[in-house]
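Asks: The file below is start.cif, mmCIF, C-alpha atoms and all ligand atoms:
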```cif
data_protein
#
loop_
_atom_site.label_atom_id
_atom_site.label_comp_id
_atom_site.auth_asym_id
_atom_site.auth_seq_id
_atom_site.Cartn_x
_atom_site.Cartn_y
_atom_site.Cartn_z
CA MET A 216 -24.69 -105.37 14.45
CA GLU A 217 -21.83 -107.64 15.45
CA GLU A 218 -22.76 -111.31 15.41
CA LYS A 219 -22.52 -112.70 18.96
CA LYS A 220 -20.87 -116.07 19.44
CA ASP A 221 -23.24 -118.62 21.00
CA LEU A 222 -21.18 -119.61 24.05
CA ASN A 223 -23.72 -122.13 25.21
CA LEU A 224 -23.42 -123.95 21.93
CA SER A 225 -19.63 -123.78 22.16
CA LEU A 226 -19.81 -125.33 25.61
CA GLN A 227 -22.04 -128.12 24.38
CA ASN A 228 -19.71 -128.93 21.47
CA LEU A 229 -16.66 -128.71 23.63
CA LYS A 230 -18.08 -131.13 26.15
CA ALA A 231 -19.13 -133.63 23.51
CA LYS A 232 -15.73 -133.57 21.80
CA ALA A 233 -13.75 -133.70 25.03
CA LEU A 234 -15.66 -136.67 26.40
CA SER A 235 -15.54 -138.62 23.14
CA ASP A 236 -11.77 -138.04 22.95
CA LEU A 237 -11.40 -139.14 26.56
CA GLU A 238 -13.27 -142.39 25.97
CA LYS A 239 -10.76 -143.50 23.37
CA ILE A 240 -7.75 -142.93 25.60
CA LYS A 241 -5.91 -146.08 26.69
CA ASP A 242 -2.67 -144.94 28.29
CA GLN A 243 -1.22 -142.43 30.69
CA VAL A 244 0.65 -140.37 28.07
CA ALA A 245 -2.47 -139.75 25.99
CA LEU A 246 -4.34 -138.93 29.17
CA ASP A 247 -1.79 -136.30 30.13
CA ASN A 248 -2.10 -134.80 26.66
CA TRP A 249 -5.86 -134.69 26.94
CA LYS A 250 -5.59 -132.81 30.21
CA THR A 251 -3.28 -130.23 28.64
CA VAL A 252 -5.65 -129.72 25.73
CA TYR A 253 -8.91 -129.55 27.65
CA LEU A 254 -8.12 -128.29 31.12
CA ASN A 255 -4.99 -126.15 31.24
CA ARG A 256 -4.91 -122.35 31.36
CA SER A 257 -5.10 -121.81 27.61
CA SER A 258 -7.70 -124.54 27.04
CA GLU A 259 -10.98 -123.82 25.28
CA ILE A 260 -13.04 -123.91 28.46
CA MET A 261 -10.82 -121.26 30.04
CA GLN A 262 -11.15 -119.25 26.85
CA ILE A 263 -14.92 -119.38 27.19
CA PHE A 264 -14.74 -118.11 30.76
CA LYS A 265 -12.80 -115.13 29.46
CA GLU A 266 -15.42 -114.43 26.83
CA ILE A 267 -18.40 -114.43 29.22
CA PRO A 268 -18.16 -110.66 29.93
CA LEU A 269 -18.72 -110.04 26.19
CA ALA A 270 -22.05 -111.89 26.12
CA ASN A 271 -25.48 -110.33 26.59
CA PRO A 272 -25.86 -109.30 30.22
CA GLU A 273 -29.05 -111.31 30.70
CA GLU A 274 -27.39 -114.45 29.33
CA ARG A 275 -24.16 -114.20 31.31
CA PRO A 276 -25.34 -115.94 34.53
CA ARG A 277 -26.63 -118.96 32.61
CA ILE A 278 -23.45 -119.21 30.49
CA GLY A 279 -21.33 -118.90 33.61
CA GLN A 280 -23.28 -121.62 35.35
CA ASN A 281 -23.07 -123.83 32.29
CA ALA A 282 -19.33 -123.29 31.93
CA ASN A 283 -18.79 -124.26 35.56
CA ILE A 284 -20.84 -127.41 35.12
CA VAL A 285 -18.93 -128.41 31.95
CA LYS A 286 -15.57 -127.75 33.60
CA ALA A 287 -16.54 -129.80 36.67
CA GLU A 288 -17.78 -132.59 34.42
CA LEU A 289 -14.49 -132.68 32.47
CA GLU A 290 -12.57 -132.85 35.71
CA THR A 291 -14.69 -135.69 37.10
CA GLN A 292 -14.45 -137.65 33.88
CA PHE A 293 -10.70 -137.08 33.80
CA GLU A 294 -10.40 -138.56 37.30
CA SER A 295 -12.41 -141.66 36.43
CA ALA A 296 -10.45 -142.14 33.17
CA ARG A 297 -7.27 -141.97 35.20
CA GLU A 298 -8.56 -144.67 37.55
CA ARG A 299 -9.65 -146.80 34.58
CA ILE A 300 -6.19 -146.60 32.97
CA LYS A 301 -4.46 -147.41 36.24
CA GLN A 302 -6.58 -150.51 36.70
CA ALA A 303 -6.01 -151.59 33.11
CA ALA A 304 -2.24 -151.28 33.53
CA LEU A 305 -2.40 -153.30 36.72
CA THR A 306 -4.46 -156.07 35.14
CA GLN A 307 -2.06 -156.19 32.23
CA ASN A 308 0.88 -156.50 34.59
CA LEU A 309 -0.77 -159.28 36.51
CA THR A 310 -1.63 -161.30 33.43
CA GLN A 311 1.50 -160.74 31.34
CA ASP A 312 4.22 -160.77 34.01
CA ARG A 313 2.64 -163.61 35.89
CA VAL A 314 5.01 -165.87 37.83
CA ASP A 315 4.45 -169.53 37.18
CA VAL A 316 4.75 -170.91 40.68
CA THR A 317 4.70 -174.47 39.37
CA LEU A 318 8.07 -174.05 37.58
CA PRO A 319 10.93 -175.80 39.36
CA GLY A 320 13.16 -173.28 41.16
CA ARG A 321 16.81 -172.57 40.48
CA ILE A 322 18.93 -174.34 43.06
CA PRO A 323 21.32 -171.79 44.57
CA GLU A 324 25.03 -172.64 44.60
CA ARG A 325 26.11 -173.52 48.11
CA GLY A 326 29.50 -172.76 49.51
CA ARG A 327 31.47 -175.43 51.28
CA LEU A 328 34.51 -175.84 53.45
CA HIS A 329 37.79 -176.43 51.67
CA ILE A 330 38.84 -180.08 51.70
CA ALA A 331 41.78 -179.22 53.95
CA SER A 332 39.47 -177.51 56.47
CA GLN A 333 37.11 -180.48 56.43
CA THR A 334 39.92 -182.90 57.26
CA LEU A 335 41.31 -180.55 59.92
CA GLN A 336 37.91 -180.30 61.57
CA GLU A 337 37.59 -184.05 61.69
CA ILE A 338 41.03 -184.33 63.28
CA TYR A 339 40.05 -181.67 65.86
CA ARG A 340 36.84 -183.55 66.65
CA ILE A 341 38.55 -186.91 67.17
CA LEU A 342 41.38 -185.51 69.25
CA ALA A 343 39.00 -183.32 71.27
CA GLU A 344 37.13 -186.48 72.22
CA MET A 345 40.49 -187.89 73.31
CA GLY A 346 41.14 -184.86 75.55
CA PHE A 347 43.29 -182.60 73.35
CA GLN A 348 42.69 -178.85 73.08
CA VAL A 349 43.52 -176.72 70.04
CA TYR A 350 46.39 -174.29 70.67
CA ARG A 351 47.16 -171.66 68.01
CA SER A 352 50.74 -170.70 67.31
CA ARG A 353 52.32 -168.18 64.92
CA GLU A 354 53.37 -168.92 61.33
CA VAL A 355 56.17 -166.36 61.31
CA GLU A 356 58.86 -167.63 63.63
CA SER A 357 62.34 -166.93 64.83
CA ASP A 358 65.25 -169.24 64.15
CA GLU A 359 65.40 -169.72 67.92
CA TYR A 360 61.94 -171.25 68.24
CA ASN A 361 61.85 -173.09 64.93
CA PHE A 362 65.29 -174.70 65.49
CA GLU A 363 67.46 -173.84 68.47
CA LEU A 364 65.01 -174.43 71.32
CA LEU A 365 64.02 -177.67 69.57
CA ASN A 366 67.55 -178.95 70.01
CA ILE A 367 68.68 -178.08 66.46
CA PRO A 368 71.66 -175.72 66.88
CA ALA A 369 73.02 -173.61 64.00
CA HIS A 370 75.01 -175.69 61.49
CA HIS A 371 73.56 -178.93 62.84
CA PRO A 372 73.25 -181.30 59.87
CA ALA A 373 69.61 -182.05 60.83
CA ARG A 374 68.70 -178.56 59.58
CA ASP A 375 68.82 -180.04 56.10
CA LEU A 376 65.60 -181.92 56.94
CA TRP A 377 63.75 -178.60 56.68
CA ASP A 378 64.33 -176.37 53.66
CA THR A 379 63.60 -172.96 55.06
CA PHE A 380 62.14 -169.71 53.75
CA TYR A 381 64.33 -166.99 55.24
CA THR A 382 63.36 -163.32 55.22
CA THR A 383 65.58 -160.31 54.71
CA LYS A 384 65.44 -159.71 58.45
CA GLU A 385 67.96 -161.86 60.22
CA SER A 386 66.53 -164.90 62.02
CA VAL A 387 62.90 -164.14 61.00
CA ILE A 388 61.61 -167.17 59.08
CA LEU A 389 58.40 -168.92 58.08
CA ARG A 390 57.95 -171.93 60.34
CA THR A 391 58.95 -175.17 58.64
CA HIS A 392 56.86 -177.27 61.04
CA THR A 393 54.37 -176.81 63.89
CA SER A 394 56.88 -178.02 66.50
CA PRO A 395 57.97 -174.49 67.61
CA GLY A 396 54.41 -174.20 68.98
CA GLN A 397 55.45 -176.86 71.52
CA ILE A 398 57.87 -174.38 73.10
CA HIS A 399 55.33 -171.50 73.10
CA ALA A 400 52.73 -173.74 74.75
CA MET A 401 55.15 -175.13 77.34
CA HIS A 402 56.24 -171.59 78.25
CA GLU A 403 52.58 -170.73 78.80
CA PHE A 404 51.59 -173.81 80.80
CA ALA A 405 54.69 -174.96 82.74
CA PRO A 406 54.66 -176.51 85.32
CA GLU A 407 51.06 -177.58 84.64
CA PRO A 408 50.46 -180.66 82.47
CA VAL A 409 49.72 -180.08 78.77
CA ARG A 410 47.55 -181.98 76.33
CA ILE A 411 47.16 -179.97 73.13
CA ILE A 412 47.16 -180.06 69.35
CA LEU A 413 48.82 -177.34 67.28
CA PRO A 414 47.34 -177.09 63.81
CA GLY A 415 48.29 -174.75 61.01
CA MET A 416 50.19 -173.89 57.88
CA VAL A 417 53.89 -174.58 57.55
CA TYR A 418 56.26 -173.50 54.76
CA ARG A 419 59.16 -175.19 53.01
CA TYR A 420 61.51 -173.97 50.34
CA GLU A 421 60.89 -176.90 48.01
CA GLN A 422 60.86 -177.70 44.35
CA MET A 423 57.14 -178.33 43.87
CA ASP A 424 55.93 -181.58 42.36
CA ALA A 425 53.06 -184.01 42.85
CA SER A 426 54.19 -184.82 46.39
CA HIS A 427 55.91 -181.57 47.42
CA GLU A 428 54.29 -178.21 48.15
CA ILE A 429 55.86 -175.06 49.54
CA GLN A 430 52.98 -174.73 51.99
CA PHE A 431 50.83 -177.31 53.73
CA ASN A 432 49.12 -177.95 57.05
CA GLN A 433 50.48 -179.89 59.97
CA VAL A 434 48.83 -180.96 63.19
CA GLU A 435 51.20 -181.34 66.12
CA LEU A 436 50.24 -183.32 69.23
CA LEU A 437 51.86 -182.58 72.55
CA ALA A 438 51.31 -184.19 75.93
CA VAL A 439 53.50 -183.28 78.90
CA GLY A 440 53.03 -184.48 82.45
CA GLU A 441 54.33 -186.84 85.10
CA ASN A 442 54.65 -190.51 84.15
CA ILE A 443 53.85 -190.12 80.45
CA THR A 444 55.32 -193.13 78.66
CA PHE A 445 56.01 -194.40 75.17
CA GLY A 446 52.98 -196.68 75.74
CA ASP A 447 50.79 -193.55 76.03
CA LEU A 448 52.24 -192.29 72.76
CA ARG A 449 51.58 -195.55 71.00
CA GLY A 450 48.08 -196.02 72.42
CA THR A 451 47.02 -192.45 71.64
CA LEU A 452 48.24 -192.56 68.04
CA GLU A 453 46.81 -196.02 67.34
CA GLU A 454 43.45 -194.94 68.71
CA PHE A 455 43.55 -191.78 66.60
CA VAL A 456 44.25 -193.76 63.40
CA LYS A 457 41.45 -196.21 64.15
CA ARG A 458 38.96 -193.39 64.77
CA MET A 459 40.09 -191.59 61.62
CA PHE A 460 40.31 -194.52 59.21
CA GLY A 461 38.30 -197.33 60.78
CA SER A 462 38.75 -199.75 63.67
CA GLY A 463 40.19 -202.53 61.50
CA VAL A 464 43.22 -200.54 60.34
CA GLU A 465 46.60 -201.88 61.54
CA THR A 466 49.48 -199.56 62.45
CA ARG A 467 53.17 -200.05 63.14
CA LEU A 468 55.98 -197.93 64.55
CA ARG A 469 59.41 -197.72 62.93
CA PRO A 470 62.50 -196.21 64.58
CA SER A 471 63.37 -192.81 63.18
CA TYR A 472 65.25 -189.65 64.04
CA PHE A 473 64.16 -186.15 65.06
CA PRO A 474 66.43 -183.87 67.14
CA PHE A 475 63.56 -182.85 69.45
CA THR A 476 62.37 -186.36 70.39
CA GLU A 477 64.18 -189.31 71.92
CA PRO A 478 63.42 -192.00 71.08
CA SER A 479 61.85 -191.04 67.73
CA ALA A 480 59.60 -193.07 65.49
CA GLU A 481 57.41 -192.93 62.44
CA MET A 482 53.99 -194.50 62.32
CA ASP A 483 52.81 -196.44 59.30
CA MET A 484 49.26 -197.56 58.69
CA GLN A 485 48.06 -200.41 56.54
CA CYS A 486 47.60 -199.17 52.96
CA ILE A 487 43.96 -198.15 52.59
CA ALA A 488 44.06 -198.65 48.82
CA CYS A 489 45.00 -202.36 48.94
CA GLN A 490 44.38 -203.32 52.62
CA GLY A 491 48.05 -204.17 53.01
CA LYS A 492 48.40 -206.45 49.99
CA GLY A 493 50.77 -204.10 48.17
CA CYS A 494 49.86 -201.73 45.34
CA ASN A 495 51.29 -198.67 43.61
CA VAL A 496 49.92 -196.28 46.29
CA CYS A 497 52.13 -197.97 48.93
CA SER A 498 54.92 -198.89 46.45
CA GLY A 499 54.18 -202.55 47.02
CA THR A 500 54.99 -202.45 50.74
CA GLY A 501 51.42 -202.61 52.08
CA TRP A 502 52.21 -199.72 54.48
CA LEU A 503 51.80 -195.93 54.34
CA GLU A 504 53.82 -193.53 56.42
CA ILE A 505 51.47 -191.11 58.18
CA LEU A 506 53.27 -189.32 61.00
CA GLY A 507 56.49 -188.63 62.89
CA CYS A 508 56.57 -188.89 66.66
CA GLY A 509 58.61 -189.55 69.77
CA MET A 510 59.16 -188.80 73.44
CA VAL A 511 59.91 -185.11 74.00
CA HIS A 512 63.69 -184.72 74.28
CA PRO A 513 64.86 -183.74 77.81
CA VAL A 514 66.59 -180.67 76.37
CA VAL A 515 63.30 -179.54 74.82
CA LEU A 516 61.40 -180.12 78.07
CA LYS A 517 63.99 -178.01 79.84
CA ASN A 518 63.80 -175.26 77.17
CA GLY A 519 60.03 -175.28 77.68
CA GLY A 520 60.38 -174.78 81.44
CA TYR A 521 59.83 -178.34 82.72
CA ASP A 522 62.18 -180.34 84.92
CA PRO A 523 63.03 -183.41 82.78
CA GLN A 524 63.69 -185.40 85.98
CA ARG A 525 60.03 -185.10 86.96
CA PHE A 526 58.22 -184.55 83.66
CA SER A 527 58.07 -186.47 80.45
CA GLY A 528 55.98 -186.09 77.33
CA PHE A 529 55.26 -187.25 73.84
CA ALA A 530 54.87 -185.34 70.58
CA ALA A 531 53.76 -186.18 67.07
CA GLY A 532 53.37 -184.34 63.80
CA LEU A 533 50.97 -185.38 61.09
CA GLY A 534 50.07 -184.01 57.67
CA PRO A 535 46.34 -183.55 57.10
CA GLU A 536 46.77 -183.04 53.36
CA ARG A 537 48.49 -186.40 53.17
CA ILE A 538 45.58 -187.92 55.08
CA SER A 539 43.08 -186.35 52.64
CA MET A 540 45.12 -187.66 49.71
CA LEU A 541 45.09 -191.20 51.06
CA ARG A 542 41.39 -191.12 51.86
CA TYR A 543 40.19 -189.71 48.57
CA GLY A 544 42.84 -191.01 46.22
CA ILE A 545 44.16 -187.51 45.39
CA ASP A 546 47.41 -188.01 43.50
CA ASP A 547 48.81 -184.46 43.39
CA ILE A 548 49.26 -182.29 46.48
CA ARG A 549 49.37 -179.14 44.32
CA ASN A 550 45.59 -179.47 43.85
CA PHE A 551 45.03 -178.25 47.40
CA TRP A 552 46.09 -174.64 46.86
CA ALA A 553 45.59 -174.32 43.10
CA ASN A 554 42.00 -173.17 43.80
CA ASP A 555 40.49 -174.93 40.82
CA VAL A 556 36.80 -175.22 41.70
CA ARG A 557 36.48 -178.37 39.60
CA PHE A 558 38.74 -180.00 42.18
CA LEU A 559 37.33 -178.26 45.26
CA GLN A 560 33.69 -178.98 44.33
CA GLN A 561 34.26 -182.71 44.63
CA PHE A 562 34.48 -182.60 48.41
N1 LIG A 601 58.15 -181.62 63.19
C1 LIG A 601 58.40 -182.87 62.53
C2 LIG A 601 58.40 -182.62 61.00
O1 LIG A 601 57.88 -181.65 60.56
C3 LIG A 601 57.35 -183.92 62.86
C4 LIG A 601 57.40 -184.32 64.29
C5 LIG A 601 56.66 -183.66 65.24
C6 LIG A 601 58.16 -185.36 64.71
C7 LIG A 601 56.68 -184.03 66.57
C8 LIG A 601 58.23 -185.77 66.02
C9 LIG A 601 57.49 -185.11 66.96
O2 LIG A 601 58.94 -183.42 60.26
#
```
Will you turn the file into structure tokens for me?
Ligand code: PHE

Replies:
Amino acid sequence: MEEKKDLNLSLQNLKAKALSDLEKIKDQVALDNWKTVYLNRSSEIMQIFKEIPLANPEERPRIGQNANIVKAELETQFESARERIKQAALTQNLTQDRVDVTLPGRIPERGRLHIASQTLQEIYRILAEMGFQVYRSREVESDEYNFELLNIPAHHPARDLWDTFYTTKESVILRTHTSPGQIHAMHEFAPEPVRIILPGMVYRYEQMDASHEIQFNQVELLAVGENITFGDLRGTLEEFVKRMFGSGVETRLRPSYFPFTEPSAEMDMQCIACQGKGCNVCSGTGWLEILGCGMVHPVVLKNGGYDPQRFSGFAAGLGPERISMLRYGIDDIRNFWANDVRFLQQF
């Protein structure tokens, strides 16, 4: 007679082995393996189910019941092992990857405005308080606006004052100063009075050195109206210099020449490095040249659309980079556009 396998005993052994294996499991991979071995379709428990029909008929119900109980038990224990491993992994994460909140933080790098923008903004603020509005004008200009309408005809020797970047297209140039903006603004506002500043980049075809750049900012002032006098020019510029550099700073006007103003002048301020005593910043003179200015030439007023019999005006042009250099003791203008952060970070 064929020896019958004792399926109940097999079930008992299987359960004992499976549960003891499960107890030792510490990670997800081993757990997945355990499930494959003990619960998938070719596992021992499934094998036993298949063998039930071969057992003695009177024993089959009990074996079947037993097998179901063992299978359910393995599944329950698998679930709780899975929960146990998940918790263990979490605890490990929390203890090992713990953030020490008492460590000092890393200070993030902060951006800043370029030194030139900072100075420009201060100029805008001061002149806004004095009643001047910002007026934007183009950087690419025509010969007509940059020169002719400003009373500088072709071949006029004064053209040599501005070394110009020409383009391949005839009479299209990069503006050499902000003064052409005067004409654009007058065309827009005439015959209303004007009180504006024209800031922006200008370009010159220069040999670069410590005091010459091929591009730099200018801020142009323009006031046009009835009864505007040279006294208004002087008072406005003196007040600007005092607000920019301090109320104790002395200024002086020297006669000069520009084709678009008459009379023309240049303003000097007391050297801020030596308070006027004379040093190498001011070449021993005690004075620093800071801007060009004058009363708007009648021809320019007319070109702008104003009747020079009724209207008068003053204009000035200053260099913000030069102002920054004086204030901070910067000795090379090329630093401004070289984009070396070691320079830029200082402001
Ligand atoms: N445009 C002149 C320059 O660039 C400066 C200036 C402006 C002078 C306005 C007088 C009046 O040199």

Asks: Would you compute the distance between atom CA of Leu328 of chain A and atom CA of Phe558 of chain A? Give it in Å to one decimal.

Replies: 12.7 Å

Asks: Fewer than 6 positions away in the same chain doesn't count, so skip those; otherwise give me all residues within 12 Å of segment 271-277 of chain A, counting all atoms listed in the file, as a list in words.

Replies: Glu218, Lys219, Lys220, Asp221, Leu222, Asn223, Leu226, Ile263, Phe264, Lys265, Asn283 and Ile284 of chain A

Asks: Counting all atoms listed in the file, what are the residues of chain A within 9 Å of ligand LIG 601 (chain A), and for each of them which pair of atoms is the nearest and at what distance in Å, to one decimal? Sort the table by chain and rising number, as CSV.

Replies:
```
residue,atom,partner,partner_atom,distance
A:Leu376,CA,A:LIG601,O2,7.6
A:Trp377,CA,A:LIG601,O1,7.7
A:Thr391,CA,A:LIG601,O1,6.8
A:His392,CA,A:LIG601,O1,4.5
A:Thr393,CA,A:LIG601,N1,6.2
A:Ser394,CA,A:LIG601,N1,5.1
A:Pro395,CA,A:LIG601,N1,8.4
A:Gln397,CA,A:LIG601,C7,8.8
A:Val417,CA,A:LIG601,O1,8.7
A:Gln433,CA,A:LIG601,O1,7.6
A:Val434,CA,A:LIG601,C5,8.5
A:Glu435,CA,A:LIG601,C5,6.0
A:Leu436,CA,A:LIG601,C7,7.0
A:Leu437,CA,A:LIG601,C7,7.8
A:Tyr472,CA,A:LIG601,C8,8.3
A:Phe473,CA,A:LIG601,C8,6.0
A:Pro474,CA,A:LIG601,C8,8.5
A:Phe475,CA,A:LIG601,C9,6.9
A:Thr476,CA,A:LIG601,C8,6.0
A:Ser479,CA,A:LIG601,C8,6.6
A:Ala480,CA,A:LIG601,C8,7.4
A:Glu481,CA,A:LIG601,C6,7.9
A:Leu506,CA,A:LIG601,C3,7.0
A:Gly507,CA,A:LIG601,C6,4.1
A:Cys508,CA,A:LIG601,C8,3.6
A:Gly509,CA,A:LIG601,C8,5.3
A:Met510,CA,A:LIG601,C9,7.6
A:Val511,CA,A:LIG601,C9,7.4
A:Phe529,CA,A:LIG601,C9,7.5
A:Ala530,CA,A:LIG601,C9,4.5
A:Ala531,CA,A:LIG601,C7,3.7
A:Gly532,CA,A:LIG601,C5,3.7
A:Leu533,CA,A:LIG601,C3,6.8
A:Gly534,CA,A:LIG601,O1,8.7
```

Asks: Would you pick out the contacts of segment 406-409 of chain A at 6 Å or less, using only C-alpha atoms, so that residues sharing its chain but fewer than 3 positions from it are not included, and give the list as a count of residues only?

Replies: 3

Asks: By how many Å are atom CA of Met261 of chain A and atom CA of Val285 of chain A apart?

Replies: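 Answer for the atom CA of Met261 of chain A to atom CA of Val285 of chain A separation: 11.0 Å.
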
Asks: Tell me which of A:Asp547, A:Glu454, A:Asp375, A:Glu359 sits closest to Gly396 of chain A, counting all atoms listed in the file.

Replies: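 That would be A:Glu359, the residue with the smallest distance to Gly396 of chain A.
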
Asks: Within 6 Å of segment 482-492 of chain A, counting only C-alpha atoms, which residues qualify if same-chain residues fewer than 5 places away don't, as a PyMOL selection string?

Replies: chain A and resi 465-468+501-506

Asks: Considering only C-alpha atoms, state which residue in the set A:Leu289, A:Leu234, A:Val456, A:Cys497 is at the smallest distance from Ile341 of chain A.

Replies: A:Val456

Asks: When distances are computed from all atoms listed in the file, which of A:Leu269, A:Ile330, A:Met459, A:Met345 shows the smallest separation from Phe562 of chain A?

Replies: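 Distance minimum relative to Phe562 of chain A lands on A:Ile330.
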